[in-house]
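Enquirer: So here's coords-v8.cif (mmCIF, C-alpha atoms and all ligand atoms).
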```
data_data
loop_
_atom_site.label_atom_id
_atom_site.label_comp_id
_atom_site.auth_asym_id
_atom_site.auth_seq_id
_atom_site.Cartn_x
_atom_site.Cartn_y
_atom_site.Cartn_z
CA MET A 214 0.00 0.00 0.00
CA LYS A 215 1.16 3.49 -0.81
CA LEU A 216 2.00 5.77 2.13
CA LEU A 217 0.28 9.07 1.30
CA TYR A 218 0.96 11.11 4.40
CA LYS A 219 2.82 10.73 7.68
CA GLY A 220 1.55 13.08 10.38
CA LYS A 221 2.80 13.47 13.95
CA ALA A 222 0.82 10.51 15.31
CA LYS A 223 -0.87 8.83 12.32
CA SER A 224 0.07 7.56 8.86
CA VAL A 225 -2.37 7.47 5.96
CA TYR A 226 -2.19 4.76 3.28
CA GLU A 227 -4.12 4.62 0.03
CA ARG A 228 -6.01 1.32 0.04
CA ASP A 229 -8.06 1.63 -3.13
CA GLU A 230 -9.91 4.22 -5.19
CA ASP A 231 -12.40 5.03 -2.43
CA THR A 232 -10.67 4.24 0.87
CA TYR A 233 -7.68 5.01 3.05
CA LEU A 234 -6.18 2.97 5.84
CA ILE A 235 -5.16 5.13 8.81
CA GLU A 236 -2.48 3.74 11.08
CA PHE A 237 -2.44 5.10 14.65
CA ARG A 238 1.21 5.15 15.71
CA ASP A 239 2.75 5.10 19.18
CA ASP A 240 4.29 8.57 18.74
CA LEU A 241 3.20 11.33 21.10
CA THR A 242 3.93 15.00 20.49
CA ALA A 243 3.04 18.27 22.17
CA GLY A 244 3.75 21.93 21.55
CA ASP A 245 3.28 21.47 17.80
CA GLY A 246 5.93 18.75 17.67
CA ALA A 247 8.45 20.46 19.99
CA LYS A 248 8.12 17.68 22.58
CA LYS A 249 8.22 14.06 21.40
CA ASP A 250 8.02 10.57 22.84
CA THR A 251 6.90 7.08 21.92
CA LYS A 252 4.71 4.90 24.12
CA ALA A 253 4.30 1.30 23.00
CA GLY A 254 0.57 0.54 22.72
CA LYS A 255 -0.64 4.16 22.53
CA GLY A 256 -1.62 3.81 18.85
CA ALA A 257 -3.78 0.75 19.47
CA LEU A 258 -5.51 2.39 22.45
CA ASN A 259 -6.30 5.54 20.47
CA ALA A 260 -7.51 3.55 17.45
CA GLU A 261 -9.91 1.53 19.63
CA ILE A 262 -11.17 4.52 21.64
CA SER A 263 -11.61 6.60 18.50
CA ALA A 264 -13.47 3.76 16.74
CA LYS A 265 -15.92 3.52 19.65
CA PHE A 266 -16.63 7.28 19.50
CA PHE A 267 -17.12 7.21 15.71
CA GLU A 268 -19.53 4.26 16.08
CA ILE A 269 -21.57 6.12 18.71
CA LEU A 270 -21.69 9.25 16.53
CA LYS A 271 -22.64 7.26 13.44
CA GLU A 272 -25.55 5.68 15.36
CA LYS A 273 -26.73 9.18 16.27
CA GLY A 274 -26.74 10.28 12.63
CA ILE A 275 -23.42 12.12 12.34
CA ASP A 276 -21.80 11.57 8.92
CA THR A 277 -18.20 10.41 9.36
CA HIS A 278 -15.38 9.02 7.24
CA PHE A 279 -15.16 5.95 9.53
CA ILE A 280 -15.89 2.54 7.97
CA GLU A 281 -14.32 -0.01 10.33
CA PHE A 282 -11.76 -0.63 13.04
CA GLN A 283 -9.02 -3.01 11.95
CA PRO A 284 -7.33 -4.13 15.16
CA PRO A 285 -4.95 -3.47 16.64
CA ASN A 286 -4.30 0.06 15.36
CA LYS A 287 -5.96 0.87 12.03
CA HIS A 288 -9.13 2.52 10.73
CA LEU A 289 -10.54 1.84 7.30
CA VAL A 290 -12.06 5.16 6.20
CA LYS A 291 -13.71 6.79 3.23
CA LYS A 292 -11.33 9.00 1.26
CA VAL A 293 -11.76 12.67 2.08
CA ARG A 294 -9.81 15.85 1.44
CA ILE A 295 -9.11 17.24 4.90
CA ILE A 296 -10.20 20.85 5.49
CA PRO A 297 -7.15 22.51 7.14
CA LEU A 298 -9.08 23.70 10.20
CA GLU A 299 -9.11 22.40 13.76
CA VAL A 300 -12.56 22.84 15.25
CA ILE A 301 -12.19 23.13 19.00
CA CYS A 302 -15.11 22.89 21.40
CA ARG A 303 -14.75 23.82 25.08
CA ASN A 304 -17.05 23.11 28.02
CA ILE A 305 -14.53 24.07 30.70
CA ALA A 306 -11.79 26.70 30.51
CA THR A 307 -8.24 25.32 30.56
CA GLY A 308 -5.23 24.93 28.22
CA SER A 309 -4.61 27.62 25.65
CA LEU A 310 -7.88 29.39 26.47
CA ILE A 311 -6.63 30.48 29.90
CA ARG A 312 -3.23 31.38 28.47
CA ARG A 313 -4.84 33.70 25.92
CA TYR A 314 -7.81 35.19 27.78
CA PRO A 315 -8.69 36.04 31.40
CA PHE A 316 -10.79 32.93 32.05
CA LYS A 317 -10.22 31.02 35.27
CA GLU A 318 -8.90 27.44 35.12
CA GLY A 319 -11.87 25.10 35.53
CA GLN A 320 -14.47 27.79 34.81
CA GLU A 321 -17.61 26.34 33.22
CA LEU A 322 -18.39 27.61 29.73
CA SER A 323 -22.10 27.55 29.09
CA PRO A 324 -22.90 27.70 26.22
CA PRO A 325 -19.77 25.89 25.03
CA ILE A 326 -17.17 27.84 23.05
CA VAL A 327 -16.38 26.74 19.48
CA GLU A 328 -13.26 28.12 17.82
CA PHE A 329 -11.45 27.41 14.56
CA GLY A 330 -7.68 27.06 14.28
CA TYR A 331 -5.84 27.10 10.96
CA LYS A 332 -3.82 23.85 10.74
CA ASP A 333 -0.22 24.96 10.39
CA ASP A 334 2.36 24.06 13.07
CA LYS A 335 4.70 26.76 11.78
CA TYR A 336 2.13 29.37 12.88
CA HIS A 337 1.01 27.28 15.91
CA ASP A 338 -2.47 26.61 14.48
CA PRO A 339 -3.65 30.21 14.97
CA MET A 340 -7.28 30.91 15.76
CA VAL A 341 -9.07 32.29 12.70
CA ASN A 342 -12.41 34.00 12.21
CA ASP A 343 -14.73 33.20 9.31
CA GLU A 344 -13.21 35.82 7.01
CA ILE A 345 -9.63 34.60 7.56
CA ALA A 346 -10.64 30.94 7.07
CA ILE A 347 -12.29 31.86 3.75
CA ALA A 348 -9.48 34.20 2.63
CA LEU A 349 -6.93 31.43 3.32
CA GLY A 350 -8.98 29.11 1.12
CA ALA A 351 -9.67 26.59 3.93
CA VAL A 352 -13.35 26.67 2.91
CA GLU A 353 -15.25 28.51 0.19
CA LYS A 354 -18.30 29.71 2.07
CA LYS A 355 -19.36 30.80 5.54
CA GLU A 356 -22.16 28.21 5.38
CA GLU A 357 -19.54 25.44 5.53
CA LEU A 358 -18.15 26.92 8.76
CA ASP A 359 -21.67 27.18 10.17
CA LYS A 360 -22.29 23.53 9.30
CA MET A 361 -19.03 22.51 11.02
CA ARG A 362 -20.03 24.50 14.13
CA GLU A 363 -23.46 22.86 14.18
CA ILE A 364 -22.04 19.32 13.85
CA THR A 365 -19.38 20.04 16.49
CA LEU A 366 -22.01 21.14 19.02
CA LYS A 367 -24.04 18.00 18.25
CA VAL A 368 -20.92 15.85 18.77
CA ASN A 369 -20.35 17.69 22.05
CA ASP A 370 -23.88 16.86 23.26
CA ILE A 371 -23.64 13.20 22.25
CA LEU A 372 -20.19 12.56 23.73
CA THR A 373 -20.79 14.62 26.89
CA GLU A 374 -23.88 12.52 27.61
CA PHE A 375 -22.15 9.22 26.82
CA LEU A 376 -19.07 10.03 28.93
CA LYS A 377 -21.13 11.30 31.87
CA ASP A 378 -22.39 7.72 32.34
CA LYS A 379 -18.77 6.57 32.46
CA GLY A 380 -17.79 9.10 35.14
CA ILE A 381 -15.84 11.24 32.68
CA ILE A 382 -16.16 14.98 32.06
CA LEU A 383 -15.60 16.04 28.46
CA VAL A 384 -13.61 19.23 29.10
CA ASP A 385 -12.78 20.10 25.49
CA PHE A 386 -11.90 18.44 22.20
CA LYS A 387 -10.70 19.04 18.66
CA LEU A 388 -12.39 17.81 15.49
CA GLU A 389 -11.34 17.78 11.86
CA PHE A 390 -13.60 17.55 8.84
CA GLY A 391 -13.09 16.47 5.26
CA LYS A 392 -14.95 16.43 1.98
CA ASP A 393 -15.51 13.28 -0.04
CA LYS A 394 -15.39 13.30 -3.83
CA GLU A 395 -19.14 13.99 -4.00
CA GLY A 396 -18.57 17.13 -1.89
CA ASN A 397 -20.20 15.80 1.31
CA LEU A 398 -18.86 17.18 4.58
CA LEU A 399 -17.72 14.29 6.81
CA LEU A 400 -16.30 14.20 10.31
CA ALA A 401 -12.77 12.77 9.95
CA ASP A 402 -9.42 12.31 11.72
CA GLU A 403 -9.66 10.89 15.28
CA ILE A 404 -11.36 11.46 18.63
CA SER A 405 -9.09 10.15 21.36
CA PRO A 406 -7.23 11.10 24.54
CA ASP A 407 -4.70 12.77 22.20
CA THR A 408 -7.36 15.16 20.90
CA CYS A 409 -9.74 15.56 23.84
CA ARG A 410 -9.44 16.55 27.48
CA PHE A 411 -11.09 14.09 29.86
CA TRP A 412 -11.35 14.59 33.63
CA ASP A 413 -12.54 12.05 36.14
CA ALA A 414 -15.98 13.30 37.26
CA THR A 415 -15.28 12.70 40.95
CA THR A 416 -11.58 13.37 41.48
CA LYS A 417 -11.05 15.71 38.45
CA GLU A 418 -7.95 13.66 37.69
CA ILE A 419 -6.56 14.22 34.16
CA LEU A 420 -7.09 11.18 31.89
CA ASP A 421 -5.69 12.50 28.57
CA LYS A 422 -2.64 13.87 26.72
CA ASP A 423 -2.29 16.70 29.27
CA ARG A 424 -0.51 14.00 31.34
CA PHE A 425 2.21 14.07 28.68
CA ARG A 426 2.06 17.83 28.00
CA LYS A 427 2.44 18.60 31.71
CA ASP A 428 4.77 15.69 32.59
CA LEU A 429 2.26 14.18 35.02
CA GLY A 430 3.37 10.61 34.25
CA ASN A 431 1.46 7.32 33.74
CA VAL A 432 0.17 8.48 30.34
CA LEU A 433 -0.70 5.02 29.01
CA GLU A 434 -2.23 3.86 32.29
CA PHE A 435 -4.78 6.65 32.01
CA TYR A 436 -5.46 6.04 28.29
CA ARG A 437 -6.13 2.41 29.29
CA GLU A 438 -8.49 3.61 32.00
CA VAL A 439 -10.45 5.64 29.40
CA ARG A 440 -10.59 2.60 27.11
CA GLU A 441 -11.87 0.36 29.87
CA ARG A 442 -14.53 2.82 30.98
CA ILE A 443 -15.89 3.60 27.51
CA LEU A 444 -15.93 -0.05 26.37
CA ALA A 445 -17.61 -1.26 29.58
P1 LIG B 501 -5.81 23.92 23.60
O1 LIG B 501 -6.37 24.28 24.95
O2 LIG B 501 -4.35 23.59 23.64
O3 LIG B 501 -6.13 24.93 22.56
O4 LIG B 501 -6.52 22.56 23.15
C1 LIG B 501 -7.91 22.45 23.05
C2 LIG B 501 -8.30 21.01 22.72
O5 LIG B 501 -7.89 20.67 21.41
C3 LIG B 501 -7.66 19.97 23.62
O6 LIG B 501 -8.61 18.94 23.85
C4 LIG B 501 -6.51 19.42 22.82
C5 LIG B 501 -6.99 19.56 21.41
N1 LIG B 501 -5.91 19.88 20.45
C6 LIG B 501 -5.54 18.95 19.51
O7 LIG B 501 -6.09 17.87 19.44
N2 LIG B 501 -4.54 19.30 18.63
C7 LIG B 501 -3.92 20.48 18.65
O8 LIG B 501 -3.03 20.75 17.82
C8 LIG B 501 -4.32 21.43 19.65
C9 LIG B 501 -3.66 22.77 19.74
C10 LIG B 501 -5.32 21.08 20.52
N1 LIG B 502 -1.16 18.50 18.40
C1 LIG B 502 -0.06 19.37 18.73
C2 LIG B 502 1.23 18.56 18.81
O1 LIG B 502 1.16 17.36 18.77
C3 LIG B 502 -0.33 20.17 19.97
C4 LIG B 502 -0.84 19.47 21.20
O2 LIG B 502 -1.68 18.59 21.11
O3 LIG B 502 -0.41 19.84 22.29
O4 LIG B 502 2.33 19.06 18.86
#
```
What's the structure tokens form of this structure?
Expert:
Amino acid sequence: MKLLYKGKAKSVYERDEDTYLIEFRDDLTAGDGAKKDTKAGKGALNAEISAKFFEILKEKGIDTHFIEFQPPNKHLVKKVRIIPLEVICRNIATGSLIRRYPFKEGQELSPPIVEFGYKDDKYHDPMVNDEIAIALGAVEKKEELDKMREITLKVNDILTEFLKDKGIILVDFKLEFGKDKEGNLLLADEISPDTCRFWDATTKEILDKDRFRKDLGNVLEFYREVRERILA
């Protein structure tokens, strides 16, 4: 199979005319690639967790690129052209939000905040408004951004509800979208502890990549904990 693209944590292979195979690797990065490590088994955990989330979303009527999980660490997906925007949704203030604005750590955000970042590590994925996203050619029309916002808020509702039952708070997360050859907008990429913040509902313990970003240790142990809770 032809390797089409190697990102920081995933590799994309062309499987046939209509599908890609995405390999979730064990590489972990933070700070736009400035900090790097490898944790054996991380790729498989993220692939399985992400597959579960895509299945739940599919059941609830969200259109995604996801076709099937191929254990231990691959997703078979529909081919899409990725829109170079990160759509971030926040229920609780933390991370870059409190570094950039005078929110308090842990402050509840109701309604949730949705923001777009332009995918470019060289510029540190800068937040863009609708006009900048369109002027950069990320999308053609404002309606596409509105559609992405609407789907992101729906995903937030579905996953918040699902995780609440598992004793997990969905603090924030990042989504990516793509367009298939017919022009349909599909949710793509991954939804995992690498791309979401999860806190234990009781202890508020961090269960996601912030353990790596902040050198809190036991990264994989907590990814395993998320896997066990969501598959239970
Ligand atoms: P932030 O607080 O660093 O902006 O991150 C917000 C959410 O987006 C958090 O769940 C982590 C996720 N995220 C990614 O998945 N990739 C990225 O490149 C960035 C900056 C954030
Ligand atoms: N995704 C970025 C990186 O891997 C930033 C982050 O998640 O902290 O470098």
Enquirer: Can you pull out every residue within 10 Å of Leu234 of chain A, counting only C-alpha atoms, but drop anything in the same chain fewer than 2 positions away, and send it as a list in words?
Expert: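 In the requested form, the answer reads Met214, Lys215, Leu216, Leu217, Ser224, Val225, Tyr226, Glu227, Arg228, Asp229, Thr232, Glu236, Phe237, Ile280, Glu281, Phe282, Gln283, Lys287, His288, Leu289, Val290, Lys291 and Lys292 of chain A.
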Enquirer: When the cut-off is 8 Å and you count all atoms listed in the file, which residues lie near ligand LIG 502 (chain B), shown as number ranges by chain?
Expert: A: 221-222, 241-248, 334, 407-408, 422-423, 426
Enquirer: How would you write, as a list in words, the set of residues no farther than 7 Å from ligand LIG 501 (chain B) when counting all atoms listed in the file?
Expert: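 Listing the residues within 7 Å of ligand LIG 501 (chain B) gives Asp245, Ile301, Thr307, Gly308, Ser309, Leu310, Asp338, Asp385, Phe386, Lys387, Asp407, Thr408, Cys409 and Arg410 of chain A.
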Enquirer: Rounded to one decimal place, report the atom CA of Ser405 of chain A-atom CA of His337 of chain A distance in Å.
Expert: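 Taking atom CA of Ser405 of chain A and atom CA of His337 of chain A, their separation equals 20.6 Å.
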Enquirer: Would you mind telling me which residue in A:Ala257, A:Ile275, A:Leu358, A:Leu420 lies nearest to Glu299 of chain A when using only C-alpha atoms?
Expert: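 Once distances to Glu299 of chain A are computed over only C-alpha atoms, the minimum belongs to A:Leu358.
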Enquirer: For a test of reading the model, state the distance in Å between atom CA of Asn397 of chain A and atom CA of Thr365 of chain A, rounded to one decimal.
Expert: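 The value is 15.8 Å.
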Enquirer: Considering all atoms listed in the file, return as number ranges by chain whatever protein or nucleic-acid residues lie within 12 Å of Ala351 of chain A, sequence-local ones (same chain, fewer than 4 positions apart) excluded.
Expert: A: 294-299, 329-333, 341-347, 355, 357-358, 389-392
Enquirer: Which value, in Å to one decimal, gives the distance between atom CA of Tyr233 of chain A and atom CA of Glu363 of chain A?
Expert: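 These atoms are spaced 26.3 Å apart.
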Enquirer: Calculated over only C-alpha atoms, which of the candidates A:Gly380, A:Lys354, A:Leu388, A:Glu403 has the smallest distance to Glu418 of chain A?
Expert: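 Using only C-alpha atoms, Glu418 of chain A sits closest to A:Gly380.
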Enquirer: Edge lengths and centre, in Å to one decimal, as JSON: that's what I need for the box along x, y and z that holds all listed atoms of segment 230-240 of chain A plus 6 Å on each side.
Expert:
```
{"center_x": -4.1, "center_y": 5.8, "center_z": 7.0, "size_x": 28.7, "size_y": 17.6, "size_z": 36.4}
```
Enquirer: Give me the residues near Lys255 of chain A as a PDB file with C-alpha atoms, keeping the file's coordinate frame, where near means some atom within 9 Å (using only C-alpha atoms) and where sequence neighbours in that chain fewer than 5 positions away do not count.
Expert:
```
ATOM      1  CA  PHE A 237      -2.440   5.100  14.650  1.00  0.00           C
ATOM      2  CA  ARG A 238       1.210   5.150  15.710  1.00  0.00           C
ATOM      3  CA  ASP A 239       2.750   5.100  19.180  1.00  0.00           C
ATOM      4  CA  ASP A 240       4.290   8.570  18.740  1.00  0.00           C
ATOM      5  CA  LEU A 241       3.200  11.330  21.100  1.00  0.00           C
ATOM      6  CA  ALA A 260      -7.510   3.550  17.450  1.00  0.00           C
ATOM      7  CA  VAL A 432       0.170   8.480  30.340  1.00  0.00           C
ATOM      8  CA  LEU A 433      -0.700   5.020  29.010  1.00  0.00           C
ATOM      9  CA  TYR A 436      -5.460   6.040  28.290  1.00  0.00           C
ATOM     10  CA  ARG A 437      -6.130   2.410  29.290  1.00  0.00           C
TER      11      ARG A 437
END
```
Enquirer: Of the candidates A:Phe425, A:Thr416, A:Phe375, A:Pro339, which shows the shortest atom-to-atom distance to Lys265 of chain A, using all atoms listed in the file?
Expert: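 Using all atoms listed in the file, Lys265 of chain A sits closest to A:Phe375.
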Enquirer: Have a look at A:Asn304, A:Ser263, A:Asn286, A:Thr277 and name the one nearest to Leu322 of chain A; count all atoms listed in the file.
Expert: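 The shortest atom-to-atom distance to Leu322 of chain A comes from A:Asn304.
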Enquirer: In terms of the shortest atom-to-atom distance over only C-alpha atoms, which of A:Lys219, A:Pro285, A:Ile235, A:Val300 is closest to Asn369 of chain A?
Expert: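 Closest to Asn369 of chain A, using only C-alpha atoms: A:Val300.
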Enquirer: Select, from A:Glu261, A:Leu349, A:Lys252, A:Asp231, the residue with the minimum atom-to-atom distance to Gly430 of chain A, counting all atoms listed in the file.
Expert: A:Lys252
Enquirer: May I ask you to restore N, CA and C atoms in segment 273-297 of chain A and write the result as a PDB file, keeping the file's coordinate frame?
Expert:
```
ATOM      1  N   LYS A 273     -25.907   7.992  15.986  1.00  0.00           N
ATOM      2  CA  LYS A 273     -26.730   9.180  16.270  1.00  0.00           C
ATOM      3  C   LYS A 273     -26.885  10.068  15.036  1.00  0.00           C
ATOM      4  N   GLY A 274     -26.466   9.563  13.876  1.00  0.00           N
ATOM      5  CA  GLY A 274     -26.740  10.280  12.630  1.00  0.00           C
ATOM      6  C   GLY A 274     -25.683  11.271  12.177  1.00  0.00           C
ATOM      7  N   ILE A 275     -24.498  11.242  12.799  1.00  0.00           N
ATOM      8  CA  ILE A 275     -23.420  12.120  12.340  1.00  0.00           C
ATOM      9  C   ILE A 275     -22.690  11.432  11.174  1.00  0.00           C
ATOM     10  N   ASP A 276     -22.499  12.141  10.073  1.00  0.00           N
ATOM     11  CA  ASP A 276     -21.800  11.570   8.920  1.00  0.00           C
ATOM     12  C   ASP A 276     -20.295  11.624   9.154  1.00  0.00           C
ATOM     13  N   THR A 277     -19.647  10.453   9.112  1.00  0.00           N
ATOM     14  CA  THR A 277     -18.200  10.410   9.360  1.00  0.00           C
ATOM     15  C   THR A 277     -17.498   9.630   8.250  1.00  0.00           C
ATOM     16  N   HIS A 278     -16.174   9.750   8.226  1.00  0.00           N
ATOM     17  CA  HIS A 278     -15.380   9.020   7.240  1.00  0.00           C
ATOM     18  C   HIS A 278     -15.172   7.555   7.663  1.00  0.00           C
ATOM     19  N   PHE A 279     -15.516   7.230   8.911  1.00  0.00           N
ATOM     20  CA  PHE A 279     -15.160   5.950   9.530  1.00  0.00           C
ATOM     21  C   PHE A 279     -15.934   4.784   8.898  1.00  0.00           C
ATOM     22  N   ILE A 280     -15.234   3.751   8.483  1.00  0.00           N
ATOM     23  CA  ILE A 280     -15.890   2.540   7.970  1.00  0.00           C
ATOM     24  C   ILE A 280     -15.748   1.397   8.968  1.00  0.00           C
ATOM     25  N   GLU A 281     -14.488   1.039   9.315  1.00  0.00           N
ATOM     26  CA  GLU A 281     -14.320  -0.010  10.330  1.00  0.00           C
ATOM     27  C   GLU A 281     -12.976   0.061  11.022  1.00  0.00           C
ATOM     28  N   PHE A 282     -12.975  -0.497  12.233  1.00  0.00           N
ATOM     29  CA  PHE A 282     -11.760  -0.630  13.040  1.00  0.00           C
ATOM     30  C   PHE A 282     -11.074  -1.912  12.614  1.00  0.00           C
ATOM     31  N   GLN A 283      -9.790  -1.816  12.274  1.00  0.00           N
ATOM     32  CA  GLN A 283      -9.020  -3.010  11.950  1.00  0.00           C
ATOM     33  C   GLN A 283      -7.950  -3.174  13.015  1.00  0.00           C
ATOM     34  N   PRO A 284      -8.249  -3.982  14.050  1.00  0.00           N
ATOM     35  CA  PRO A 284      -7.330  -4.130  15.160  1.00  0.00           C
ATOM     36  C   PRO A 284      -5.944  -4.566  14.694  1.00  0.00           C
ATOM     37  N   PRO A 285      -4.882  -4.208  15.383  1.00  0.00           N
ATOM     38  CA  PRO A 285      -4.950  -3.470  16.640  1.00  0.00           C
ATOM     39  C   PRO A 285      -4.970  -1.948  16.484  1.00  0.00           C
ATOM     40  N   ASN A 286      -4.524  -1.399  15.345  1.00  0.00           N
ATOM     41  CA  ASN A 286      -4.300   0.060  15.360  1.00  0.00           C
ATOM     42  C   ASN A 286      -4.641   0.758  14.048  1.00  0.00           C
ATOM     43  N   LYS A 287      -5.631   0.221  13.312  1.00  0.00           N
ATOM     44  CA  LYS A 287      -5.960   0.870  12.030  1.00  0.00           C
ATOM     45  C   LYS A 287      -7.456   1.159  11.889  1.00  0.00           C
ATOM     46  N   HIS A 288      -7.744   2.212  11.130  1.00  0.00           N
ATOM     47  CA  HIS A 288      -9.130   2.520  10.730  1.00  0.00           C
ATOM     48  C   HIS A 288      -9.206   2.469   9.210  1.00  0.00           C
ATOM     49  N   LEU A 289     -10.214   1.761   8.713  1.00  0.00           N
ATOM     50  CA  LEU A 289     -10.540   1.840   7.300  1.00  0.00           C
ATOM     51  C   LEU A 289     -11.517   3.006   7.171  1.00  0.00           C
ATOM     52  N   VAL A 290     -11.217   3.960   6.303  1.00  0.00           N
ATOM     53  CA  VAL A 290     -12.060   5.160   6.200  1.00  0.00           C
ATOM     54  C   VAL A 290     -12.335   5.497   4.736  1.00  0.00           C
ATOM     55  N   LYS A 291     -13.405   6.271   4.554  1.00  0.00           N
ATOM     56  CA  LYS A 291     -13.710   6.790   3.230  1.00  0.00           C
ATOM     57  C   LYS A 291     -12.711   7.898   2.907  1.00  0.00           C
ATOM     58  N   LYS A 292     -12.268   7.944   1.669  1.00  0.00           N
ATOM     59  CA  LYS A 292     -11.330   9.000   1.260  1.00  0.00           C
ATOM     60  C   LYS A 292     -11.984  10.367   1.386  1.00  0.00           C
ATOM     61  N   VAL A 293     -11.294  11.280   2.060  1.00  0.00           N
ATOM     62  CA  VAL A 293     -11.760  12.670   2.080  1.00  0.00           C
ATOM     63  C   VAL A 293     -10.558  13.587   1.879  1.00  0.00           C
ATOM     64  N   ARG A 294     -10.854  14.806   1.444  1.00  0.00           N
ATOM     65  CA  ARG A 294      -9.810  15.850   1.440  1.00  0.00           C
ATOM     66  C   ARG A 294     -10.013  16.628   2.725  1.00  0.00           C
ATOM     67  N   ILE A 295      -8.980  16.604   3.580  1.00  0.00           N
ATOM     68  CA  ILE A 295      -9.110  17.240   4.900  1.00  0.00           C
ATOM     69  C   ILE A 295      -9.155  18.765   4.749  1.00  0.00           C
ATOM     70  N   ILE A 296     -10.120  19.380   5.419  1.00  0.00           N
ATOM     71  CA  ILE A 296     -10.200  20.850   5.490  1.00  0.00           C
ATOM     72  C   ILE A 296      -9.172  21.287   6.535  1.00  0.00           C
ATOM     73  N   PRO A 297      -8.254  22.205   6.213  1.00  0.00           N
ATOM     74  CA  PRO A 297      -7.150  22.510   7.140  1.00  0.00           C
ATOM     75  C   PRO A 297      -7.561  23.396   8.321  1.00  0.00           C
TER      76      PRO A 297
END
```
